[in-house]
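Asks: Just so it is clear, I am handing over final21.cif, which has mmCIF, C-alpha atoms and all ligand atoms.
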```cif
data_coords
#
loop_
_atom_site.label_atom_id
_atom_site.label_comp_id
_atom_site.auth_asym_id
_atom_site.auth_seq_id
_atom_site.Cartn_x
_atom_site.Cartn_y
_atom_site.Cartn_z
CA MET A 1 -12.30 212.72 150.94
CA ASP A 2 -11.34 211.14 154.25
CA ALA A 3 -7.56 210.83 154.59
CA THR A 4 -7.94 208.45 157.54
CA LYS A 5 -9.58 205.76 155.42
CA PRO A 6 -7.60 203.48 153.09
CA LEU A 7 -8.07 204.53 149.47
CA VAL A 8 -9.27 202.21 146.72
CA MET A 9 -9.20 203.58 143.17
CA VAL A 10 -11.69 202.04 140.73
CA LEU A 11 -10.46 202.59 137.19
CA ASN A 12 -12.57 201.81 134.14
CA GLY A 13 -11.37 201.83 130.57
CA PRO A 14 -12.73 202.32 127.07
CA ASN A 15 -16.43 202.07 126.31
CA LEU A 16 -17.46 201.26 129.88
CA ASN A 17 -19.31 204.62 129.84
CA LEU A 18 -21.74 202.83 127.48
CA LEU A 19 -22.74 200.24 130.09
CA GLY A 20 -26.48 199.78 130.41
CA SER A 21 -27.19 201.19 126.97
CA ARG A 22 -26.25 198.25 124.71
CA GLU A 23 -25.30 194.57 124.85
CA PRO A 24 -27.23 193.85 128.08
CA ALA A 25 -26.97 190.09 127.45
CA ILE A 26 -23.20 190.36 127.90
CA TYR A 27 -22.75 193.28 130.27
CA GLY A 28 -26.07 193.57 132.11
CA ARG A 29 -28.43 196.53 132.45
CA ASP A 30 -26.61 198.49 135.16
CA THR A 31 -24.89 201.70 134.15
CA LEU A 32 -21.46 202.58 135.50
CA ASP A 33 -23.20 205.16 137.72
CA ASP A 34 -25.46 202.41 139.15
CA ILE A 35 -22.38 200.35 139.95
CA ALA A 36 -20.63 203.38 141.46
CA VAL A 37 -23.56 204.16 143.79
CA ARG A 38 -23.58 200.59 145.14
CA LEU A 39 -19.79 200.53 145.50
CA GLU A 40 -19.89 203.78 147.51
CA GLU A 41 -22.46 202.24 149.89
CA GLN A 42 -20.31 199.11 150.25
CA ALA A 43 -17.18 201.22 150.80
CA ALA A 44 -18.87 203.18 153.58
CA THR A 45 -19.69 199.89 155.32
CA LEU A 46 -16.13 198.66 154.88
CA GLY A 47 -14.55 201.95 156.00
CA LEU A 48 -12.85 202.55 152.65
CA GLU A 49 -12.46 205.71 150.57
CA LEU A 50 -13.26 205.26 146.88
CA ASP A 51 -12.14 207.21 143.83
CA ILE A 52 -14.07 205.94 140.80
CA ARG A 53 -13.10 207.01 137.27
CA GLN A 54 -13.62 206.06 133.63
CA SER A 55 -11.69 207.03 130.52
CA ASN A 56 -11.62 206.02 126.89
CA HIS A 57 -7.91 206.92 126.72
CA GLU A 58 -5.06 204.56 127.54
CA GLY A 59 -2.78 207.33 128.82
CA HIS A 60 -5.34 208.44 131.39
CA LEU A 61 -5.37 204.92 132.83
CA VAL A 62 -1.56 204.90 132.95
CA ASP A 63 -1.52 208.30 134.71
CA TRP A 64 -4.20 207.18 137.19
CA LEU A 65 -2.26 204.00 138.03
CA HIS A 66 0.77 206.20 138.77
CA GLU A 67 -1.47 208.42 140.89
CA ALA A 68 -2.65 205.39 142.86
CA GLY A 69 1.00 204.61 143.60
CA ALA A 70 1.79 208.20 144.61
CA ARG A 71 -1.28 208.33 146.90
CA GLY A 72 -0.36 205.02 148.54
CA ALA A 73 -3.67 203.41 147.65
CA LEU A 74 -4.64 200.18 149.38
CA ALA A 75 -5.64 198.72 146.00
CA VAL A 76 -6.83 199.50 142.52
CA LEU A 77 -9.84 197.78 140.96
CA LEU A 78 -9.08 197.87 137.24
CA ASN A 79 -11.46 197.07 134.41
CA ALA A 80 -9.28 198.13 131.51
CA GLY A 81 -11.93 197.10 128.96
CA ALA A 82 -10.45 196.02 125.64
CA LEU A 83 -7.08 197.52 126.65
CA THR A 84 -6.82 194.46 128.92
CA HIS A 85 -5.97 192.44 125.83
CA THR A 86 -3.58 194.88 124.14
CA SER A 87 -1.88 197.31 126.49
CA ILE A 88 1.72 196.72 127.49
CA ALA A 89 1.73 200.34 128.72
CA ILE A 90 -0.89 199.44 131.34
CA LEU A 91 1.03 196.27 132.25
CA ASP A 92 4.20 198.34 132.75
CA ALA A 93 2.28 200.90 134.83
CA ILE A 94 0.94 198.15 137.11
CA LYS A 95 4.48 196.79 137.50
CA GLY A 96 5.72 200.31 138.22
CA ILE A 97 3.56 200.92 141.27
CA ASN A 98 3.63 199.24 144.64
CA VAL A 99 -0.15 198.85 144.82
CA PRO A 100 -2.07 195.60 144.36
CA VAL A 101 -4.26 195.73 141.27
CA ILE A 102 -7.39 193.60 141.17
CA GLU A 103 -8.45 192.90 137.58
CA VAL A 104 -12.23 193.14 137.15
CA HIS A 105 -14.47 192.11 134.28
CA LEU A 106 -18.22 192.01 133.97
CA SER A 107 -18.09 189.16 131.46
CA ASN A 108 -15.80 186.14 131.51
CA PRO A 109 -13.38 186.88 128.66
CA HIS A 110 -12.29 183.21 128.56
CA THR A 111 -15.74 182.13 127.38
CA ARG A 112 -15.68 184.72 124.57
CA GLU A 113 -13.63 185.34 121.43
CA GLU A 114 -10.07 184.04 121.30
CA PHE A 115 -8.65 187.58 121.22
CA ARG A 116 -10.09 188.19 124.72
CA HIS A 117 -8.25 185.21 126.18
CA THR A 118 -5.00 187.14 126.59
CA SER A 119 -4.81 189.60 129.49
CA PHE A 120 -1.74 191.79 129.91
CA VAL A 121 -3.32 193.08 133.13
CA ALA A 122 -3.43 189.56 134.60
CA ARG A 123 0.35 189.22 134.23
CA ALA A 124 0.86 191.78 137.00
CA ALA A 125 -2.46 191.73 138.84
CA LYS A 126 -2.89 190.47 142.38
CA GLY A 127 -5.92 188.54 141.14
CA THR A 128 -8.82 188.59 138.74
CA ILE A 129 -12.59 188.59 139.25
CA ALA A 130 -14.59 188.07 136.07
CA GLY A 131 -17.93 186.84 134.87
CA PHE A 132 -20.28 187.97 137.62
CA GLY A 133 -21.69 191.05 135.89
CA ALA A 134 -21.89 194.14 138.09
CA ALA A 135 -21.30 191.89 141.12
CA SER A 136 -17.70 191.44 139.93
CA TYR A 137 -17.03 194.96 141.28
CA ARG A 138 -18.63 194.13 144.65
CA LEU A 139 -16.58 190.97 144.97
CA ALA A 140 -13.43 192.85 143.98
CA LEU A 141 -14.04 195.52 146.62
CA ASP A 142 -14.42 192.79 149.25
CA ALA A 143 -11.10 191.36 148.02
CA ALA A 144 -9.50 194.82 148.33
CA ALA A 145 -10.81 195.19 151.89
CA ALA A 146 -9.27 191.83 152.76
CA LEU A 147 -5.83 193.21 151.83
CA ARG A 148 -5.91 195.50 154.87
CA GLN A 149 -3.54 194.47 157.62
O1 LIG A 201 -16.25 192.08 130.61
C1 LIG A 201 -15.64 193.16 130.78
O2 LIG A 201 -15.75 193.85 131.79
C2 LIG A 201 -14.73 193.68 129.66
O3 LIG A 201 -13.61 194.31 130.25
C3 LIG A 201 -15.56 194.68 128.88
C4 LIG A 201 -14.84 195.22 127.64
C5 LIG A 201 -14.32 194.07 126.79
O4 LIG A 201 -13.56 194.58 125.69
C6 LIG A 201 -13.45 193.12 127.59
O5 LIG A 201 -13.03 192.06 126.73
C7 LIG A 201 -14.23 192.55 128.76
C8 LIG A 201 -15.79 196.05 126.79
C9 LIG A 201 -16.45 197.17 127.50
C10 LIG A 201 -17.43 197.80 126.56
O6 LIG A 201 -18.67 197.87 127.20
C11 LIG A 201 -19.77 198.11 126.42
C12 LIG A 201 -20.96 198.18 127.10
C13 LIG A 201 -22.10 198.42 126.41
C14 LIG A 201 -22.07 198.59 125.03
C15 LIG A 201 -20.88 198.50 124.37
C16 LIG A 201 -19.71 198.28 125.08
#
```
Would you mind writing the structure in this file as structure tokens?
Ligand code: CA2

Replies:
Amino acid sequence: MDATKPLVMVLNGPNLNLLGSREPAIYGRDTLDDIAVRLEEQAATLGLELDIRQSNHEGHLVDWLHEAGARGALAVLLNAGALTHTSIAILDAIKGINVPVIEVHLSNPHTREEFRHTSFVARAAKGTIAGFGAASYRLALDAAAALRQ
């Protein structure tokens, strides 16, 4: 941990621990660890501190969003998984912190089933990056870096 560098928290929701093991046509072959290794390299280049987490539990994501607020994070990259489409608790948590949240998706939910077309995260997010596979995270981290003043 380097307190002199702006902090970006990368929060991943339910089932994203399964990345790389199934459904490669939709989500690609990279595991979450593969993505994390590349993000750490990118963060070092950008001079950012990363804190990358995954949970299958909604409340953990709510607590971690609060933590991002308390730590004064520069930004949160949030792939809330299927909770994107259901969780008012996560929407309220995003609204409750003074930290820009960048919504991230591997797939483009708008090209998929109707139930994925609603995003509660998008209602409070600074912006959304979706549909670029693992590169969505890279693009989102560049967007976070651009928020620095
Ligand atoms: O495209 C995305 O990043 C999603 O957030 C992924 C979620 C999905 O519910 C959202 O609609 C879009 C699902 C993550 C589950 O990932 C799996 C990976 C491999 C095998 C099974 C699930």

Asks: Excluding Tyr27 (chain A) and any residue of its chain fewer than 6 positions from it, enumerate the residues within 9 Å of it, using all atoms listed in the file, and give them as a list in words.

Replies: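 So, after excluding close chain neighbours, the residues are Leu19, Gly20, Leu106, Ser107, Gly133 and Ala134 of chain A.
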
Asks: For the atom pair atom C5 of ligand LIG 201 (chain A) and CA of Ala82 (chain A), what is the interatomic distance in Å to one decimal place?

Replies: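 A separation of 4.5 Å between them.
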
Asks: Could you list, as an NGL selection string, all protein and nucleic acid residues with an atom at most 6 Å from ligand LIG 201 (chain A), counting all atoms listed in the file?

Replies: :A and (15-16 or 18-19 or 21-23 or 79-82 or 105-107 or 109 or 116)

Asks: What's the 8 Å shell around region 3-11 of chain A, counting all atoms listed in the file, without same-chain residues fewer than 2 positions away, as a PyMOL selection string?

Replies: chain A and resi 1+13+47-54+61+64+68+72-80+144

Asks: Rank A:Leu32, A:Leu147, A:Leu141, A:Ala44 by their smallest atom-to-atom distance to Asn17 (chain A), using all atoms listed in the file, and report the top residue only.

Replies: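 Ranking A:Leu32, A:Leu147, A:Leu141, A:Ala44 by distance to Asn17 (chain A), first place goes to A:Leu32.
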
Asks: How many Å separate CA of Leu65 (chain A) from CA of Arg29 (chain A)?

Replies: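 If I compute the distance from CA of Leu65 (chain A) to CA of Arg29 (chain A), I get 27.8 Å.
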